[in-house]
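S.K.: Just final_13.pdb, nothing more (PDB, C-alpha atoms):
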ATOM      1  CA  LEU A   1     -10.311   8.609  -7.617
ATOM      2  CA  LEU A   2      -9.530   4.979  -8.437
ATOM      3  CA  ASP A   3     -10.286   4.753 -12.146
ATOM      4  CA  ARG A   4      -8.077   7.480 -13.594
ATOM      5  CA  GLN A   5      -4.897   7.556 -11.516
ATOM      6  CA  LEU A   6      -1.748   5.533 -11.062
ATOM      7  CA  LEU A   7      -2.357   3.630  -7.822
ATOM      8  CA  VAL A   8       0.626   2.425  -5.801
ATOM      9  CA  SER A   9      -0.016  -0.033  -2.995
ATOM     10  CA  ILE A  10       2.605   0.539  -0.294
ATOM     11  CA  VAL A  11       2.918  -2.244   2.253
ATOM     12  CA  GLY A  12       5.255  -3.306   5.046
ATOM     13  CA  SER A  13       5.702  -4.407   8.602
ATOM     14  CA  ARG A  14       3.711  -2.957  11.477
ATOM     15  CA  ASN A  15       6.876  -2.954  13.585
ATOM     16  CA  ALA A  16       9.240  -1.581  10.927
ATOM     17  CA  ALA A  17      12.170   0.540  12.109
ATOM     18  CA  ALA A  18      11.624   4.284  12.355
ATOM     19  CA  GLU A  19      14.090   4.892   9.514
ATOM     20  CA  ARG A  20      12.146   2.587   7.191
ATOM     21  CA  CYS A  21       8.870   4.273   8.116
ATOM     22  CA  GLU A  22      10.453   7.619   7.309
ATOM     23  CA  ALA A  23      11.513   6.269   3.931
ATOM     24  CA  ALA A  24       7.977   5.003   3.288
ATOM     25  CA  SER A  25       6.531   8.395   4.154
ATOM     26  CA  PHE A  26       8.997  10.169   1.891
ATOM     27  CA  ILE A  27       8.455   7.996  -1.179
ATOM     28  CA  ALA A  28       4.670   8.041  -0.662
ATOM     29  CA  SER A  29       4.766  11.832  -0.540
ATOM     30  CA  ASP A  30       6.924  11.995  -3.662
ATOM     31  CA  LEU A  31       4.685   9.594  -5.590
ATOM     32  CA  ALA A  32       1.543  11.431  -4.475
ATOM     33  CA  ALA A  33       3.027  14.758  -5.529
ATOM     34  CA  ARG A  34       3.651  13.216  -8.961
ATOM     35  CA  GLY A  35      -0.024  12.310  -9.253
ATOM     36  CA  ALA A  36      -0.255   8.798  -7.831
ATOM     37  CA  VAL A  37      -2.896   7.612  -5.376
ATOM     38  CA  ILE A  38      -1.300   5.788  -2.458
ATOM     39  CA  VAL A  39      -3.141   2.663  -1.306
ATOM     40  CA  SER A  40      -2.453   0.993   2.032
ATOM     41  CA  GLY A  41      -4.172  -0.786   4.899
ATOM     42  CA  LEU A  42      -4.260   1.777   7.734
ATOM     43  CA  ALA A  43      -2.156  -0.484   9.965
ATOM     44  CA  ALA A  44       0.630   0.734  12.226
ATOM     45  CA  GLY A  45       4.162   1.130  10.921
ATOM     46  CA  ILE A  46       4.619   1.288   7.151
ATOM     47  CA  ASP A  47       0.907   1.646   6.347
ATOM     48  CA  ARG A  48       0.526   4.649   8.608
ATOM     49  CA  ALA A  49       3.697   6.240   7.236
ATOM     50  CA  ALA A  50       2.503   5.764   3.648
ATOM     51  CA  HIS A  51      -0.875   7.378   4.303
ATOM     52  CA  GLU A  52       0.722  10.269   6.186
ATOM     53  CA  GLY A  53       3.278  10.812   3.442
ATOM     54  CA  ALA A  54       0.573  10.980   0.798
ATOM     55  CA  LEU A  55      -1.486  13.450   2.822
ATOM     56  CA  ALA A  56       1.572  15.659   3.288
ATOM     57  CA  ALA A  57       2.213  15.932  -0.454
ATOM     58  CA  TRP A  58       1.562  19.111  -2.414
ATOM     59  CA  THR A  59      -0.007  18.565  -5.819
ATOM     60  CA  ASN A  60      -1.095  20.746  -8.702
ATOM     61  CA  GLU A  61      -4.747  20.084  -7.893
ATOM     62  CA  SER A  62      -4.815  20.483  -4.125
ATOM     63  CA  ARG A  63      -2.703  20.954  -1.034
ATOM     64  CA  ARG A  64      -2.859  17.268  -0.214
ATOM     65  CA  GLY A  65      -1.990  14.193  -2.158
ATOM     66  CA  ARG A  66      -4.550  11.436  -2.394
ATOM     67  CA  THR A  67      -4.627   8.170  -0.505
ATOM     68  CA  ALA A  68      -7.002   5.224  -0.144
ATOM     69  CA  ALA A  69      -7.230   3.162   3.042
ATOM     70  CA  VAL A  70      -8.463  -0.427   2.893
ATOM     71  CA  LEU A  71      -9.778  -1.411   6.302
ATOM     72  CA  GLY A  72      -9.936  -4.928   7.677
ATOM     73  CA  THR A  73     -12.647  -3.785  10.061
ATOM     74  CA  PRO A  74     -15.996  -2.025   9.603
ATOM     75  CA  LEU A  75     -15.817   1.602   8.515
ATOM     76  CA  SER A  76     -17.407   2.466  11.836
ATOM     77  CA  PHE A  77     -14.556   0.735  13.697
ATOM     78  CA  PRO A  78     -11.173   1.700  12.151
ATOM     79  CA  TRP A  79      -8.223  -0.296  13.452
ATOM     80  CA  PRO A  80      -5.897   0.247  15.219
ATOM     81  CA  PRO A  81      -7.552   2.837  17.497
ATOM     82  CA  GLU A  82      -4.469   5.086  17.489
ATOM     83  CA  ASN A  83      -5.026   5.649  13.762
ATOM     84  CA  ALA A  84      -8.529   7.053  14.274
ATOM     85  CA  LYS A  85      -7.457  10.649  13.646
ATOM     86  CA  LEU A  86      -5.503   9.631  10.555
ATOM     87  CA  TYR A  87      -8.581   7.769   9.344
ATOM     88  CA  GLU A  88     -10.669  10.929   9.605
ATOM     89  CA  GLU A  89      -8.048  12.864   7.626
ATOM     90  CA  ILE A  90      -8.073  10.227   4.901
ATOM     91  CA  VAL A  91     -11.863  10.252   4.692
ATOM     92  CA  SER A  92     -11.924  14.049   4.389
ATOM     93  CA  THR A  93      -9.685  14.121   1.307
ATOM     94  CA  GLY A  94      -9.379  10.598  -0.066
ATOM     95  CA  LEU A  95     -11.117   7.265   0.251
ATOM     96  CA  ALA A  96     -11.691   4.559   2.857
ATOM     97  CA  LEU A  97     -13.281   1.243   1.994
ATOM     98  CA  SER A  98     -14.020  -2.086   3.634
ATOM     99  CA  GLU A  99     -15.810  -5.292   2.720
ATOM    100  CA  VAL A 100     -16.601  -5.944   6.397
ATOM    101  CA  PRO A 101     -20.245  -5.298   7.364
ATOM    102  CA  GLN A 102     -20.908  -2.357   9.643
ATOM    103  CA  ALA A 103     -20.793  -3.165  13.346
ATOM    104  CA  GLU A 104     -22.282  -0.074  14.915
ATOM    105  CA  GLY A 105     -23.338  -0.445  18.515
ATOM    106  CA  ARG A 106     -21.165  -3.469  19.236
ATOM    107  CA  ARG A 107     -17.501  -4.324  19.488
ATOM    108  CA  PHE A 108     -16.035  -5.971  16.418
ATOM    109  CA  ASP A 109     -15.105  -9.547  17.365
ATOM    110  CA  PRO A 110     -11.296  -9.785  17.864
ATOM    111  CA  ASN A 111     -11.020 -13.203  16.211
ATOM    112  CA  GLU A 112     -12.968 -12.064  13.178
ATOM    113  CA  ARG A 113     -10.860  -8.918  13.115
ATOM    114  CA  MET A 114      -7.660 -10.926  12.748
ATOM    115  CA  ARG A 115      -9.129 -12.949   9.883
ATOM    116  CA  SER A 116     -10.502  -9.933   8.073
ATOM    117  CA  LEU A 117      -7.249  -7.987   8.458
ATOM    118  CA  LYS A 118      -5.515 -10.758   6.521
ATOM    119  CA  ARG A 119      -8.269 -10.954   3.908
ATOM    120  CA  ARG A 120      -8.062  -7.242   3.155
ATOM    121  CA  ASN A 121      -4.554  -7.782   1.736
ATOM    122  CA  ARG A 122      -6.080  -9.088  -1.480
ATOM    123  CA  ILE A 123      -7.996  -5.809  -1.910
ATOM    124  CA  VAL A 124      -4.872  -3.732  -1.346
ATOM    125  CA  ALA A 125      -3.135  -5.837  -4.002
ATOM    126  CA  ALA A 126      -6.025  -5.615  -6.466
ATOM    127  CA  LEU A 127      -6.366  -1.836  -6.236
ATOM    128  CA  GLY A 128      -2.734  -1.067  -6.940
ATOM    129  CA  THR A 129      -1.219  -0.724 -10.388
ATOM    130  CA  GLY A 130       1.666  -2.319  -8.519
ATOM    131  CA  THR A 131       2.872  -2.957  -4.982
ATOM    132  CA  LEU A 132       5.848  -1.330  -3.277
ATOM    133  CA  VAL A 133       7.220  -3.399  -0.382
ATOM    134  CA  MET A 134       9.085  -1.312   2.193
ATOM    135  CA  ALA A 135       9.746  -3.991   4.846
ATOM    136  CA  ALA A 136       8.706  -7.588   5.451
ATOM    137  CA  ALA A 137       9.504 -10.833   7.195
ATOM    138  CA  SER A 138       9.174 -14.389   5.929
ATOM    139  CA  GLY A 139       5.612 -15.632   6.379
ATOM    140  CA  SER A 140       4.249 -12.177   7.158
ATOM    141  CA  SER A 141       0.953 -10.635   6.051
ATOM    142  CA  THR A 142       2.994  -8.297   3.863
ATOM    143  CA  LEU A 143       4.184 -11.232   1.773
ATOM    144  CA  ILE A 144       0.622 -12.548   1.603
ATOM    145  CA  GLU A 145      -0.238  -9.293  -0.155
ATOM    146  CA  VAL A 146       2.764  -9.766  -2.456
ATOM    147  CA  ASP A 147       1.485 -13.216  -3.445
ATOM    148  CA  TYR A 148      -1.929 -11.745  -4.212
ATOM    149  CA  ALA A 149      -0.357  -9.036  -6.376
ATOM    150  CA  LEU A 150       1.778 -11.492  -8.328
ATOM    151  CA  GLY A 151      -1.199 -13.785  -8.739
ATOM    152  CA  LEU A 152      -2.980 -10.894 -10.451
ATOM    153  CA  GLY A 153       0.026 -10.249 -12.671
ATOM    154  CA  ARG A 154       0.768  -6.927 -10.972
ATOM    155  CA  PRO A 155       4.388  -5.797 -10.586
ATOM    156  CA  VAL A 156       5.997  -5.871  -7.154
ATOM    157  CA  ILE A 157       8.711  -3.356  -6.292
ATOM    158  CA  LEU A 158      11.143  -4.013  -3.456
ATOM    159  CA  TRP A 159      12.611  -1.058  -1.580
ATOM    160  CA  TYR A 160      16.348  -1.290  -2.167
ATOM    161  CA  GLU A 161      17.201  -1.456   1.546
ATOM    162  CA  CYS A 162      15.412  -4.779   1.908
ATOM    163  CA  ALA A 163      16.528  -6.325  -1.385
ATOM    164  CA  ASN A 164      19.266  -8.400   0.285
ATOM    165  CA  GLU A 165      17.016  -9.942   2.911
ATOM    166  CA  PRO A 166      16.356 -13.699   2.498
ATOM    167  CA  TRP A 167      12.685 -13.356   1.521
ATOM    168  CA  ALA A 168      13.579 -10.691  -1.069
ATOM    169  CA  LYS A 169      16.399 -12.731  -2.587
ATOM    170  CA  GLU A 170      14.053 -15.702  -2.879
ATOM    171  CA  LEU A 171      11.445 -13.545  -4.574
ATOM    172  CA  LEU A 172      13.946 -12.078  -7.048
ATOM    173  CA  ALA A 173      15.402 -15.509  -7.789
ATOM    174  CA  ARG A 174      12.010 -16.731  -9.041
ATOM    175  CA  ASP A 175      12.469 -14.438 -12.068
ATOM    176  CA  LEU A 176       8.734 -13.992 -12.532
ATOM    177  CA  ARG A 177       7.644 -12.317 -15.782
ATOM    178  CA  ASP A 178       4.440 -11.222 -17.429
ATOM    179  CA  GLY A 179       3.184 -12.349 -20.833
ATOM    180  CA  ASP A 180       5.420  -9.809 -22.574
ATOM    181  CA  GLY A 181       8.534 -10.986 -20.767
ATOM    182  CA  ARG A 182       8.763  -8.028 -18.397
ATOM    183  CA  ALA A 183       9.981  -8.768 -14.887
ATOM    184  CA  LEU A 184       7.225  -8.742 -12.283
ATOM    185  CA  VAL A 185       9.646  -8.173  -9.401
ATOM    186  CA  ALA A 186      12.092  -5.260  -9.381
ATOM    187  CA  VAL A 187      14.030  -3.025  -6.993
ATOM    188  CA  ALA A 188      13.702   0.756  -6.661
ATOM    189  CA  ARG A 189      15.546   3.442  -4.715
ATOM    190  CA  ASP A 190      13.113   6.334  -5.158
ATOM    191  CA  ALA A 191       9.774   7.475  -6.567
ATOM    192  CA  VAL A 192      11.183   8.088 -10.052
ATOM    193  CA  GLU A 193      12.428   4.511 -10.351
ATOM    194  CA  ALA A 194       9.175   3.144  -8.933
ATOM    195  CA  GLU A 195       7.170   5.186 -11.428
ATOM    196  CA  GLU A 196       9.326   3.985 -14.334
ATOM    197  CA  ILE A 197       8.835   0.365 -13.274
ATOM    198  CA  LEU A 198       5.079   0.767 -13.051
ATOM    199  CA  SER A 199       4.564   2.821 -16.188
ATOM    200  CA  PRO A 200       4.379  -0.114 -18.640
ATOM    201  CA  TRP A 201       1.377  -1.411 -16.699
ATOM    202  CA  SER A 202      -0.403   1.948 -16.516
ATOM    203  CA  ARG A 203      -3.403   2.318 -18.798
ATOM    204  CA  VAL A 204      -3.547   6.104 -18.578
ATOM    205  CA  TRP A 205      -1.213   9.048 -18.229
ATOM    206  CA  TRP A 206      -1.248  10.270 -14.665
ATOM    207  CA  LEU A 207       0.988  13.338 -14.908
TER     208      LEU A 207
END
So that I can check it, write out the structure of this file as structure tokens.
M.R.:
Amino acid sequence: LLDRQLLVSIVGSRNAAAERCEAASFIASDLAARGAVIVSGLAAGIDRAAHEGALAAWTNESRRGRTAAVLGTPLSFPWPPENAKLYEEIVSTGLALSEVPQAEGRRFDPNERMRSLKRRNRIVAALGTGTLVMAAASGSSTLIEVDYALGLGRPVILWYECANEPWAKELLARDLRDGDGRALVAVARDAVEAEEILSPWSRVWWL
């Protein structure tokens, strides 16, 4: 699943507006229908919308598009609890993974949970061919993931509706580029633009 597809990490705020979550679901569905695997963190808000959008996609190979969930908790203790059903749907057709040891028979420590939820951002960043940011706030976990992605030399795509926000302007103003001079931060309005931005970094054809 992870070694032969275009993987798009879709990230954003847990408390993103309903309209932004709808946009995340739509673009995730469109990308999944075009053959991409959608990677996200199973959190509320944008993460949930991205996973749901991918699962709703129709593809040439199956009724559902493919998605990978990176948990910040043990696989036996998906978080948040309200995403438990979604987690089961992902497991049945896609992939769930976690670096956190299993914690069966006991409650996962809340303090450790907060730390591990932040640490999992680096895995979300590493798995994606690139990262699509749907919503964020300065200093948020979403931007921690962005820093991880850029540190790995992976492109970061900003959803056009957040491109004028202060954190986005600051990111664009840095004019970060890879070794070939290609911009590492760009703006996209739809799945086609996102795919075009990511294609130079793709090692295989995914269509």
S.K.: If the PyMOL selection byres ((chain A and resi 70) around 8) is run on the structure shown, which residues does it catch, given as a PyMOL selection string?
M.R.: chain A and resi 39-42+68-69+71-72+96-98+120+123-124
S.K.: Which residues would end up in the selection if the PyMOL selection byres ((chain A and resi 140) around 12) were applied here, given that I need the answer as a list in words?
M.R.: Val11, Gly12, Ser13, Arg14, Asn15, Lys118, Asn121, Val133, Ala135, Ala136, Ala137, Ser138, Gly139, Ser141, Thr142, Leu143, Ile144, Glu145, Val146, Asp147 and Trp167 of chain A
S.K.: Work out how far apart atom CA of A:Arg122 and atom CA of A:Ile10 are and give it in Å to one decimal.
M.R.: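 We find that atom CA of A:Arg122 and atom CA of A:Ile10 lie 13.0 Å from each other.
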S.K.: What is the atom CA of A:Gly130 to atom CA of A:Pro155 distance in Å?
M.R.: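 Separation between atom CA of A:Gly130 and atom CA of A:Pro155: 4.9 Å.
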S.K.: Going by the chain IDs and residue numbers used in this file, which residues fall under the PyMOL selection byres ((chain A and resi 25) around 12)? Write them as a ChimeraX atom specification.
M.R.: /A:10-12,18-24,26-32,38,40,45-57,134,190-191
S.K.: Just to confirm, what's the straight-line distance from atom CA of A:Val37 to atom CA of A:Ala126 in Å (one decimal)?
M.R.: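 Pair atom CA of A:Val37 / atom CA of A:Ala126 returns 13.6 Å.
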S.K.: Nearest to A:Ala194 among A:Thr93, A:Thr67, A:Thr73, A:Ser9, with distances taken over only C-alpha atoms: which residue is it?
M.R.: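 Looking at the shortest contact to A:Ala194, the residue is A:Ser9.
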S.K.: With 5 Å added on each side, what axis-aligned box encloses every listed atom of stretch 177-183 of chain A? Give the centre and edge lengths in Å to one decimal, as JSON.
M.R.:
{"center_x": 6.6, "center_y": -10.2, "center_z": -18.7, "size_x": 16.8, "size_y": 14.3, "size_z": 17.7}
S.K.: Restricting the calculation to all atoms listed in the file: of A:Gly65, A:Asn111, A:Glu170, A:Gln102, which residue gets closest to A:Ile90?
M.R.: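 Ranked by minimum distance to A:Ile90, first place goes to A:Gly65.
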S.K.: Could you add whatever atoms are missing so that stretch 141-152 of chain A carries all heavy atoms, then write the result as a short mmCIF file (atom, residue, chain, number, x, y, z; two decimals), keeping the file's coordinate frame?
M.R.:
data_model
loop_
_atom_site.label_atom_id
_atom_site.label_comp_id
_atom_site.auth_asym_id
_atom_site.auth_seq_id
_atom_site.Cartn_x
_atom_site.Cartn_y
_atom_site.Cartn_z
N SER A 141 2.11 -11.07 6.82
CA SER A 141 0.95 -10.64 6.05
C SER A 141 1.38 -9.81 4.85
O SER A 141 0.71 -9.80 3.81
CB SER A 141 0.01 -9.83 6.95
OG SER A 141 -0.56 -10.64 7.94
N THR A 142 2.50 -9.10 4.99
CA THR A 142 2.99 -8.30 3.86
C THR A 142 3.27 -9.19 2.66
O THR A 142 2.92 -8.85 1.52
CB THR A 142 4.29 -7.56 4.26
OG1 THR A 142 3.99 -6.65 5.32
CG2 THR A 142 4.87 -6.79 3.09
N LEU A 143 3.87 -10.33 2.89
CA LEU A 143 4.18 -11.23 1.77
C LEU A 143 2.95 -11.95 1.26
O LEU A 143 2.93 -12.42 0.12
CB LEU A 143 5.28 -12.22 2.19
CG LEU A 143 6.63 -11.57 2.52
CD1 LEU A 143 7.69 -12.62 2.78
CD2 LEU A 143 7.08 -10.63 1.39
N ILE A 144 1.91 -12.04 2.09
CA ILE A 144 0.62 -12.55 1.60
C ILE A 144 0.08 -11.59 0.54
O ILE A 144 -0.40 -12.00 -0.51
CB ILE A 144 -0.38 -12.71 2.76
CG1 ILE A 144 0.06 -13.83 3.70
CG2 ILE A 144 -1.79 -12.98 2.22
CD1 ILE A 144 -0.82 -13.98 4.93
N GLU A 145 0.20 -10.29 0.82
CA GLU A 145 -0.24 -9.29 -0.16
C GLU A 145 0.59 -9.38 -1.43
O GLU A 145 0.05 -9.26 -2.54
CB GLU A 145 -0.13 -7.89 0.46
CG GLU A 145 -0.92 -6.82 -0.27
CD GLU A 145 -0.18 -6.21 -1.43
OE1 GLU A 145 1.02 -6.50 -1.61
OE2 GLU A 145 -0.79 -5.43 -2.18
N VAL A 146 1.88 -9.61 -1.29
CA VAL A 146 2.76 -9.77 -2.46
C VAL A 146 2.30 -10.94 -3.32
O VAL A 146 2.24 -10.84 -4.55
CB VAL A 146 4.22 -9.96 -2.00
CG1 VAL A 146 5.09 -10.44 -3.16
CG2 VAL A 146 4.78 -8.67 -1.43
N ASP A 147 1.96 -12.05 -2.69
CA ASP A 147 1.48 -13.22 -3.44
C ASP A 147 0.20 -12.90 -4.19
O ASP A 147 0.00 -13.33 -5.34
CB ASP A 147 1.27 -14.40 -2.50
CG ASP A 147 2.57 -15.04 -2.04
OD1 ASP A 147 3.59 -14.85 -2.72
OD2 ASP A 147 2.56 -15.72 -0.99
N TYR A 148 -0.70 -12.15 -3.54
CA TYR A 148 -1.93 -11.74 -4.21
C TYR A 148 -1.61 -10.90 -5.44
O TYR A 148 -2.19 -11.09 -6.52
CB TYR A 148 -2.82 -10.95 -3.27
CG TYR A 148 -3.62 -11.77 -2.28
CD1 TYR A 148 -3.60 -11.47 -0.92
CD2 TYR A 148 -4.42 -12.83 -2.71
CE1 TYR A 148 -4.34 -12.21 -0.01
CE2 TYR A 148 -5.15 -13.58 -1.80
CZ TYR A 148 -5.12 -13.26 -0.45
OH TYR A 148 -5.86 -13.99 0.43
N ALA A 149 -0.71 -9.93 -5.27
CA ALA A 149 -0.36 -9.04 -6.38
C ALA A 149 0.23 -9.82 -7.55
O ALA A 149 -0.17 -9.63 -8.71
CB ALA A 149 0.63 -7.97 -5.90
N LEU A 150 1.16 -10.70 -7.27
CA LEU A 150 1.78 -11.49 -8.33
C LEU A 150 0.76 -12.41 -8.99
O LEU A 150 0.82 -12.64 -10.20
CB LEU A 150 2.95 -12.29 -7.76
CG LEU A 150 4.15 -11.46 -7.30
CD1 LEU A 150 5.17 -12.34 -6.60
CD2 LEU A 150 4.78 -10.71 -8.47
N GLY A 151 -0.16 -12.94 -8.19
CA GLY A 151 -1.20 -13.78 -8.74
C GLY A 151 -2.09 -13.04 -9.73
O GLY A 151 -2.66 -13.65 -10.64
N LEU A 152 -2.20 -11.74 -9.54
CA LEU A 152 -2.98 -10.89 -10.45
C LEU A 152 -2.14 -10.38 -11.62
O LEU A 152 -2.65 -9.66 -12.49
CB LEU A 152 -3.55 -9.70 -9.68
CG LEU A 152 -4.62 -10.01 -8.64
CD1 LEU A 152 -4.88 -8.79 -7.78
CD2 LEU A 152 -5.89 -10.49 -9.31
#
